[in-house]
Amino acid sequence: SNNFLECFLSKTNLSISNSTSDVIFARNSESYASVLQSSAQNLRFVTPSTPKPTLIIRPLSESHIQAAVVCARENSINIRIRSGGHDYEGLSFVSTVPFIIVDLSNLRSITVEIEKETAWVESGATLGELYHAIAEKSKVYGFPAGSCSTVGVGGFIGGGGLGTIFRKYGLAADNVIDAKIVDANGRIFDRKSMGEDLFWAIRGGGGASFGIIFAWKIKLVPVPSIVTVFKVRKTSEQGATELLQKWQLVADKLSPNLYIQVVIEGVHSGSANSNKTIAASFWALFLGGSEELLTTLDESFPELGVERKDCTEMSWIQSVLNFAGFSTKQSYDVLLNRTNSDKSPFKAKSDYVKEPISEKGLEGLWKILLEEQRGYMIWNPYGGRMSEISENEIPFPHRSGNLYEIQYMVTWKTEGETDEHVDWIRRLYEYMTPFVSKNPRLAYLNYRDLDLGINRNENESYGDASVWGLKYFNSNFKRLAQIKAQVDPSNFFWNEQSIPLFGLEG
Ligand code: FDA
């Protein structure tokens, strides 16, 4: 790390005595631990035994990123790139080989141009900051991003990025029109100079395999001045299973203006094993007023029994607050808070469903769900715009033919509990095998899951990496590996699930 530091200081004209205090954090610096943990979301990777970086660099400009890349490469040090720190497996701040973190949290400026319906957003900004910046300029423009306001723009867009209006407008990555990247040689490219292959790869292929993307130009999308939100919760006794059977038939075929996600969990009330039931919360956003929503539901999903009293009309930005877990009465300034106060250790997995799961299948699923007090599932309906975009448009392949995606999640409190909860989620995933996509069994990159397979080292072959790569990218995996071989032939940007080089096996 001394050689790295010497190189970095000489290239940036920083000196140890002055302006480095906001940029370089060595293990012996006072704020090292707080900076390391600042945005680390999954506390499973914030433990005394978790491998730590030799240095954390927080660039103040793109030239600092260039220097970090060049100096890390000269000294054969692995780089972990961190924007918002929400990687499910901690790949942005943990490595099994000696490493430094390039943390982009100082680079978070956002320039919104409403007349042009575009914005430039730096990778270190959070989704909350992006929503806020757009709302400051207009209440009838938004961006198809995710619910959690502290997620970083860099990782989110690089992995695809979906949220409440993706049935209407597609993924965040579908709405990127330019980007700026520092490559493995420390050069800066924009869309024009990087070429269409690399520009294709970084929109959903996981940016970290290709370089450090420090800014994205995005297309803003129109939203109505009034949207409607409802949340209806039903237990098994109230017909949750029957409603979920119907939901599986209609959710992907509803108007693209209507998004009904379901959160399903076991409810454990009373003593040990008594009073256990399944509860399904149907949580919806409609791009329009409640009158129109009720008419739409009456035609397509009357069984849900949504009434006017269940519906709340609000502005788009209030719906962002609602789905981020804030009160809609609060000022939307709360979206500027970059720290998620609700952190815990967790493990997640994902699946794609192409045929409705039978009643019997669901009953078996409920049994496993009820075994775990802190486990739940989110069912996310596809269809709409998602089915219109081709599987190869960007690396994210999950388009037409998918009814919905499942995210399995379990959280816990202390390190000692890890194994029992991870075992449970793996058992649940195993049970689901007959009901979900096959050959390959598909998964969503942004719900990263190292159980799918890992690169054991930087020489992992394309063939071996296909075990996990095809699951995330399906037929796009080969093109990603070909592009990787062109733009980073020395595999400098390596991590446990980075794209391998096509042709490495000779
Ligand atoms: P982080 O900084 O950890 O980066 C994630 C990955 O991207 C790492 O591999 C990292 O190296 C790489 N990377 C980050 N910045 C980069 C850059 N500038 N250039 C190159 N590579 C870069 N997803 C979703 O689609 N919809 C949702 O609603 C949610 N909601 C949600 C809630 C919560 C609480 C969590 C923890 C996660 C989500 N996600 C999500 C998943 C989220 O999209 C995913 O974890 C993103 O990768 C997080 O991006 P960050 O920048 O925060 O992560």
# chains A, B, ... in the order shown; residues from 1 in each chain; ligands from 1
$ residues_around --residues "segment 229-236 of chain A" --least-positions-apart "3" --cutoff "7 Å" --atoms "only C-alpha atoms" --output "VMD selection string"
chain A and resid 239 to 241 277 to 286 310 to 313
$ write_last_selection --atoms "N, CA, C and O atoms" --output "PDB file, in the first residue's frame"
ATOM      1  N   GLY A 239     -58.295 -15.748   2.561  1.00  0.00           N
ATOM      2  CA  GLY A 239     -58.235 -16.130   1.152  1.00  0.00           C
ATOM      3  C   GLY A 239     -56.961 -15.745   0.433  1.00  0.00           C
ATOM      4  O   GLY A 239     -56.940 -15.619  -0.802  1.00  0.00           O
ATOM      5  N   ALA A 240     -55.854 -15.584   1.189  1.00  0.00           N
ATOM      6  CA  ALA A 240     -54.598 -15.150   0.553  1.00  0.00           C
ATOM      7  C   ALA A 240     -54.178 -16.101  -0.580  1.00  0.00           C
ATOM      8  O   ALA A 240     -53.760 -15.655  -1.652  1.00  0.00           O
ATOM      9  N   THR A 241     -54.302 -17.411  -0.349  1.00  0.00           N
ATOM     10  CA  THR A 241     -53.825 -18.361  -1.357  1.00  0.00           C
ATOM     11  C   THR A 241     -54.610 -18.219  -2.662  1.00  0.00           C
ATOM     12  O   THR A 241     -54.030 -18.180  -3.759  1.00  0.00           O
ATOM     13  N   THR A 277     -49.867 -18.059  10.557  1.00  0.00           N
ATOM     14  CA  THR A 277     -50.597 -17.969   9.293  1.00  0.00           C
ATOM     15  C   THR A 277     -49.733 -17.233   8.269  1.00  0.00           C
ATOM     16  O   THR A 277     -48.736 -16.605   8.616  1.00  0.00           O
ATOM     17  N   ILE A 278     -50.163 -17.325   7.027  1.00  0.00           N
ATOM     18  CA  ILE A 278     -49.467 -16.597   5.969  1.00  0.00           C
ATOM     19  C   ILE A 278     -50.213 -15.293   5.716  1.00  0.00           C
ATOM     20  O   ILE A 278     -51.442 -15.268   5.699  1.00  0.00           O
ATOM     21  N   ALA A 279     -49.449 -14.213   5.530  1.00  0.00           N
ATOM     22  CA  ALA A 279     -50.081 -12.943   5.169  1.00  0.00           C
ATOM     23  C   ALA A 279     -49.477 -12.440   3.867  1.00  0.00           C
ATOM     24  O   ALA A 279     -48.246 -12.456   3.702  1.00  0.00           O
ATOM     25  N   ALA A 280     -50.351 -12.036   2.947  1.00  0.00           N
ATOM     26  CA  ALA A 280     -49.893 -11.475   1.677  1.00  0.00           C
ATOM     27  C   ALA A 280     -50.328 -10.011   1.620  1.00  0.00           C
ATOM     28  O   ALA A 280     -51.522  -9.712   1.740  1.00  0.00           O
ATOM     29  N   SER A 281     -49.347  -9.109   1.479  1.00  0.00           N
ATOM     30  CA  SER A 281     -49.677  -7.680   1.363  1.00  0.00           C
ATOM     31  C   SER A 281     -49.551  -7.258  -0.099  1.00  0.00           C
ATOM     32  O   SER A 281     -48.455  -7.318  -0.675  1.00  0.00           O
ATOM     33  N   PHE A 282     -50.667  -6.868  -0.679  1.00  0.00           N
ATOM     34  CA  PHE A 282     -50.707  -6.411  -2.077  1.00  0.00           C
ATOM     35  C   PHE A 282     -50.483  -4.902  -2.034  1.00  0.00           C
ATOM     36  O   PHE A 282     -51.315  -4.164  -1.515  1.00  0.00           O
ATOM     37  N   TRP A 283     -49.355  -4.487  -2.582  1.00  0.00           N
ATOM     38  CA  TRP A 283     -48.941  -3.091  -2.440  1.00  0.00           C
ATOM     39  C   TRP A 283     -48.849  -2.500  -3.846  1.00  0.00           C
ATOM     40  O   TRP A 283     -48.029  -2.947  -4.647  1.00  0.00           O
ATOM     41  N   ALA A 284     -49.706  -1.498  -4.129  1.00  0.00           N
ATOM     42  CA  ALA A 284     -49.848  -1.079  -5.524  1.00  0.00           C
ATOM     43  C   ALA A 284     -49.611   0.408  -5.751  1.00  0.00           C
ATOM     44  O   ALA A 284     -49.884   1.243  -4.880  1.00  0.00           O
ATOM     45  N   LEU A 285     -49.116   0.695  -6.959  1.00  0.00           N
ATOM     46  CA  LEU A 285     -49.034   2.072  -7.444  1.00  0.00           C
ATOM     47  C   LEU A 285     -49.785   2.137  -8.763  1.00  0.00           C
ATOM     48  O   LEU A 285     -49.578   1.286  -9.644  1.00  0.00           O
ATOM     49  N   PHE A 286     -50.658   3.119  -8.893  1.00  0.00           N
ATOM     50  CA  PHE A 286     -51.361   3.334 -10.157  1.00  0.00           C
ATOM     51  C   PHE A 286     -51.040   4.728 -10.670  1.00  0.00           C
ATOM     52  O   PHE A 286     -51.144   5.714  -9.928  1.00  0.00           O
ATOM     53  N   ASP A 310     -59.486   2.249   0.578  1.00  0.00           N
ATOM     54  CA  ASP A 310     -58.131   1.677   0.593  1.00  0.00           C
ATOM     55  C   ASP A 310     -57.153   2.531  -0.218  1.00  0.00           C
ATOM     56  O   ASP A 310     -55.933   2.332  -0.132  1.00  0.00           O
ATOM     57  N   CYS A 311     -57.711   3.426  -1.062  1.00  0.00           N
ATOM     58  CA  CYS A 311     -56.867   4.151  -2.038  1.00  0.00           C
ATOM     59  C   CYS A 311     -56.482   5.537  -1.527  1.00  0.00           C
ATOM     60  O   CYS A 311     -57.325   6.247  -0.981  1.00  0.00           O
ATOM     61  N   THR A 312     -55.249   5.924  -1.739  1.00  0.00           N
ATOM     62  CA  THR A 312     -54.822   7.275  -1.395  1.00  0.00           C
ATOM     63  C   THR A 312     -54.211   7.929  -2.631  1.00  0.00           C
ATOM     64  O   THR A 312     -53.267   7.389  -3.224  1.00  0.00           O
ATOM     65  N   GLU A 313     -54.779   9.072  -2.990  1.00  0.00           N
ATOM     66  CA  GLU A 313     -54.219   9.825  -4.121  1.00  0.00           C
ATOM     67  C   GLU A 313     -53.088  10.706  -3.610  1.00  0.00           C
ATOM     68  O   GLU A 313     -53.176  11.241  -2.499  1.00  0.00           O
TER      69      GLU A 313
END
$ residues_near_ligand --ligand "ligand 1" --cutoff "6 Å" --atoms "only C-alpha atoms and all ligand atoms" --output "VMD selection string"
chain A and resid 41 80 to 88 91 to 92 123 146 to 148 151 to 156 159 161 to 163 207 to 208 211 to 214 446 to 447
$ write_last_selection --atoms "N, CA and C atoms" --output "CSV table (one decimal), in the first residue's frame"
chain,number,residue,atom,x,y,z
A,41,GLN,N,-24.2,-2.1,3.6
A,41,GLN,CA,-25.6,-2.3,3.9
A,41,GLN,C,-25.9,-3.7,4.6
A,80,ARG,N,-12.1,-2.6,-5.3
A,80,ARG,CA,-13.5,-2.8,-5.2
A,80,ARG,C,-14.1,-1.4,-5.4
A,81,ILE,N,-15.2,-1.4,-6.2
A,81,ILE,CA,-15.8,-0.1,-6.5
A,81,ILE,C,-17.1,0.0,-5.7
A,82,ARG,N,-17.2,1.1,-5.0
A,82,ARG,CA,-18.5,1.2,-4.2
A,82,ARG,C,-19.2,2.5,-4.5
A,83,SER,N,-20.5,2.4,-4.8
A,83,SER,CA,-21.3,3.6,-4.9
A,83,SER,C,-22.2,3.8,-3.7
A,84,GLY,N,-23.2,2.9,-3.6
A,84,GLY,CA,-24.1,3.0,-2.4
A,84,GLY,C,-23.9,1.9,-1.4
A,85,GLY,N,-23.0,0.9,-1.7
A,85,GLY,CA,-22.7,-0.1,-0.7
A,85,GLY,C,-23.8,-1.1,-0.5
A,86,HIS,N,-24.8,-1.2,-1.3
A,86,HIS,CA,-26.0,-2.1,-1.1
A,86,HIS,C,-25.8,-3.5,-1.7
A,87,ASP,N,-24.6,-3.8,-2.2
A,87,ASP,CA,-24.4,-5.2,-2.8
A,87,ASP,C,-24.8,-6.2,-1.8
A,88,TYR,N,-25.6,-7.2,-2.2
A,88,TYR,CA,-26.2,-8.2,-1.3
A,88,TYR,C,-25.0,-9.1,-0.7
A,91,LEU,N,-19.8,-7.3,-2.3
A,91,LEU,CA,-18.6,-7.3,-3.3
A,91,LEU,C,-18.0,-5.9,-3.5
A,92,SER,N,-18.7,-4.9,-3.1
A,92,SER,CA,-18.2,-3.5,-3.3
A,92,SER,C,-17.2,-3.1,-2.1
A,123,SER,N,-22.4,8.6,-10.1
A,123,SER,CA,-22.7,7.3,-9.5
A,123,SER,C,-22.8,7.3,-8.0
A,146,GLY,N,-35.6,2.3,-8.1
A,146,GLY,CA,-36.1,1.4,-7.0
A,146,GLY,C,-36.7,2.1,-5.8
A,147,SER,N,-37.2,1.3,-4.9
A,147,SER,CA,-37.9,1.8,-3.7
A,147,SER,C,-37.0,2.4,-2.7
A,148,CYS,N,-35.9,1.7,-2.4
A,148,CYS,CA,-35.1,2.0,-1.2
A,148,CYS,C,-34.3,3.3,-1.6
A,151,VAL,N,-30.1,3.2,-1.8
A,151,VAL,CA,-29.4,2.5,-2.9
A,151,VAL,C,-28.6,3.4,-3.7
A,152,GLY,N,-27.4,3.0,-4.1
A,152,GLY,CA,-26.5,3.9,-4.9
A,152,GLY,C,-26.9,3.8,-6.4
A,153,VAL,N,-26.8,4.9,-7.1
A,153,VAL,CA,-27.0,5.0,-8.5
A,153,VAL,C,-26.1,4.1,-9.3
A,154,GLY,N,-24.8,4.0,-8.9
A,154,GLY,CA,-23.8,3.3,-9.6
A,154,GLY,C,-24.1,1.8,-9.8
A,155,GLY,N,-24.3,1.2,-8.6
A,155,GLY,CA,-24.5,-0.3,-8.7
A,155,GLY,C,-25.9,-0.6,-9.2
A,156,PHE,N,-26.9,0.3,-8.9
A,156,PHE,CA,-28.3,0.0,-9.3
A,156,PHE,C,-28.4,0.0,-10.8
A,159,GLY,N,-26.5,-2.8,-12.7
A,159,GLY,CA,-27.1,-4.2,-12.6
A,159,GLY,C,-28.5,-4.3,-13.2
A,161,GLY,N,-31.8,-2.5,-12.5
A,161,GLY,CA,-32.5,-1.5,-11.7
A,161,GLY,C,-34.0,-1.4,-12.0
A,162,LEU,N,-34.8,-2.0,-11.1
A,162,LEU,CA,-36.2,-2.0,-11.3
A,162,LEU,C,-37.0,-1.5,-10.1
A,163,GLY,N,-38.2,-1.0,-10.4
A,163,GLY,CA,-39.0,-0.3,-9.3
A,163,GLY,C,-40.4,-0.2,-9.7
A,207,GLY,N,-21.4,-3.1,-13.9
A,207,GLY,CA,-20.4,-2.2,-14.3
A,207,GLY,C,-19.0,-2.6,-13.9
A,208,ALA,N,-18.9,-3.2,-12.7
A,208,ALA,CA,-17.6,-3.5,-12.0
A,208,ALA,C,-16.7,-4.4,-12.8
A,211,GLY,N,-15.0,-1.4,-15.6
A,211,GLY,CA,-14.4,-0.1,-15.3
A,211,GLY,C,-15.2,0.6,-14.2
A,212,ILE,N,-14.8,1.8,-14.0
A,212,ILE,CA,-15.5,2.6,-12.9
A,212,ILE,C,-16.4,3.6,-13.7
A,213,ILE,N,-17.7,3.4,-13.6
A,213,ILE,CA,-18.6,4.3,-14.3
A,213,ILE,C,-18.9,5.4,-13.3
A,214,PHE,N,-18.5,6.6,-13.7
A,214,PHE,CA,-18.7,7.7,-12.6
A,214,PHE,C,-19.9,8.6,-12.9
A,446,ASN,N,-28.8,-7.8,-9.6
A,446,ASN,CA,-28.8,-6.9,-8.5
A,446,ASN,C,-29.3,-7.5,-7.2
A,447,TYR,N,-29.8,-8.8,-7.3
A,447,TYR,CA,-30.0,-9.5,-6.0
A,447,TYR,C,-28.9,-10.5,-5.9
$ residues_around --residues "segment 463-473 of chain A" --least-positions-apart "2" --cutoff "8 Å" --atoms "only C-alpha atoms" --output "NGL selection string"
:A and (205 or 395-397 or 440-445 or 452-455 or 460-461 or 475-477 or 499-500)
$ select_by_dssp --residues "segment 109-303 of chain A" --states "strand (DSSP E)" --output "PyMOL selection string"
chain A and resi 110-113+118-122+141-142+176-182+188-189+212-219+221-222+227-235+258-268+276-286
$ residues_around --residues "Glu291 of chain A" --least-positions-apart "3" --cutoff "10 Å" --atoms "only C-alpha atoms" --output "list in words"
Thr228, Gly288, Leu294, Thr295, Thr296, Arg308, Cys311 and Glu313 of chain A
$ write_last_selection --atoms "all heavy atoms" --output "short mmCIF file (atom, residue, chain, number, x, y, z; two decimals), in the first residue's frame"
data_model
loop_
_atom_site.label_atom_id
_atom_site.label_comp_id
_atom_site.auth_asym_id
_atom_site.auth_seq_id
_atom_site.Cartn_x
_atom_site.Cartn_y
_atom_site.Cartn_z
N THR A 228 -52.09 6.96 -7.52
CA THR A 228 -52.85 6.37 -6.40
C THR A 228 -52.11 5.16 -5.85
O THR A 228 -51.54 4.38 -6.62
CB THR A 228 -54.25 5.93 -6.89
OG1 THR A 228 -54.87 7.04 -7.53
CG2 THR A 228 -55.13 5.46 -5.73
N GLY A 288 -52.37 7.34 -12.07
CA GLY A 288 -53.64 7.97 -12.37
C GLY A 288 -54.47 8.09 -11.09
O GLY A 288 -54.01 7.69 -10.01
N LEU A 294 -60.05 2.10 -9.71
CA LEU A 294 -61.12 1.19 -9.28
C LEU A 294 -61.80 0.56 -10.49
O LEU A 294 -62.13 -0.63 -10.48
CB LEU A 294 -62.13 1.93 -8.39
CG LEU A 294 -61.57 2.28 -6.99
CD1 LEU A 294 -62.50 3.23 -6.24
CD2 LEU A 294 -61.27 1.04 -6.17
N THR A 295 -61.98 1.33 -11.55
CA THR A 295 -62.57 0.77 -12.77
C THR A 295 -61.66 -0.31 -13.34
O THR A 295 -62.11 -1.40 -13.71
CB THR A 295 -62.74 1.89 -13.84
OG1 THR A 295 -63.39 2.99 -13.22
CG2 THR A 295 -63.54 1.42 -15.03
N THR A 296 -60.36 -0.02 -13.39
CA THR A 296 -59.39 -1.00 -13.92
C THR A 296 -59.43 -2.29 -13.09
O THR A 296 -59.44 -3.40 -13.64
CB THR A 296 -57.95 -0.42 -13.88
OG1 THR A 296 -57.97 0.84 -14.50
CG2 THR A 296 -56.95 -1.31 -14.55
N ARG A 308 -62.67 2.25 -2.34
CA ARG A 308 -62.17 3.63 -2.38
C ARG A 308 -61.40 3.98 -1.10
O ARG A 308 -60.37 4.64 -1.13
CB ARG A 308 -63.35 4.59 -2.56
CG ARG A 308 -62.93 6.03 -2.79
CD ARG A 308 -64.14 6.84 -3.13
NE ARG A 308 -64.85 6.23 -4.26
CZ ARG A 308 -64.66 6.54 -5.52
NH1 ARG A 308 -63.77 7.46 -5.82
NH2 ARG A 308 -65.33 5.95 -6.48
N CYS A 311 -57.71 3.43 -1.06
CA CYS A 311 -56.87 4.15 -2.04
C CYS A 311 -56.48 5.54 -1.53
O CYS A 311 -57.33 6.25 -0.98
CB CYS A 311 -57.61 4.32 -3.36
SG CYS A 311 -58.11 2.77 -4.08
N GLU A 313 -54.78 9.07 -2.99
CA GLU A 313 -54.22 9.82 -4.12
C GLU A 313 -53.09 10.71 -3.61
O GLU A 313 -53.18 11.24 -2.50
CB GLU A 313 -55.31 10.68 -4.79
CG GLU A 313 -56.34 9.83 -5.50
CD GLU A 313 -57.35 10.68 -6.28
OE1 GLU A 313 -57.45 11.90 -6.01
OE2 GLU A 313 -58.01 10.11 -7.17
#
$ atom_distance --atom1 "atom CA of Val487 of chain A" --atom2 "atom CA of Ser193 of chain A"
12.5 Å
$ residues_around --residues "Tyr352 of chain A" --least-positions-apart "2" --cutoff "9 Å" --atoms "only C-alpha atoms" --output "PyMOL selection string"
chain A and resi 350+354+398+402-406+436-437+441-444
$ residues_around --residues "Ala72 of chain A" --least-positions-apart "4" --cutoff "9 Å" --atoms "only C-alpha atoms" --output "count of residues only"
11
$ residues_around --residues "Pro48 of chain A" --least-positions-apart "3" --cutoff "12 Å" --atoms "only C-alpha atoms" --output "list of chain:residue names"
A:Ala33, A:Gln37, A:Leu43, A:Arg44, A:Phe45, A:Pro51, A:Lys52, A:Glu415
$ closest_residue --among "A:Phe346, A:Trp424, A:Phe166, A:Phe502" --to "Gly142 of chain A" --atoms "only C-alpha atoms"
A:Phe166
$ closest_residue --among "A:Ile181, A:Ile218, A:Met432, A:Ile101" --to "Gly364 of chain A" --atoms "only C-alpha atoms"
A:Met432
$ atom_distance --atom1 "atom CA of Arg27 of chain A" --atom2 "atom CA of Leu336 of chain A"
29.0 Å
$ closest_residue --among "A:Gly206, A:Gly170, A:Gly90, A:Gly186" --to "Gly158 of chain A" --atoms "only C-alpha atoms"
A:Gly206
$ select_by_dssp --residues "segment 459-489 of chain A" --states "alpha helix (DSSP H)" --output "list in words"
Tyr462, Gly463, Asp464, Ala465, Ser466, Val467, Trp468, Gly469, Leu470, Lys471, Tyr472, Phe473, Phe477, Lys478, Arg479, Leu480, Ala481, Gln482, Ile483, Lys484, Ala485, Gln486 and Val487 of chain A
$ atom_distance --atom1 "atom CA of Asn491 of chain A" --atom2 "atom CA of Ala215 of chain A"
22.4 Å
$ closest_residue --among "A:Leu254, A:Glu496, A:Lys168, A:Leu127" --to "Thr96 of chain A" --atoms "only C-alpha atoms"
A:Glu496
$ closest_residue --among "A:Ser331, A:Thr50, A:Arg399, A:Leu480" --to "Ile202 of chain A" --atoms "only C-alpha atoms"
A:Leu480
$ closest_residue --among "A:Ser34, A:Thr164, A:Ser63, A:Ser95" --to "Leu9 of chain A" --atoms "only C-alpha atoms"
A:Ser63
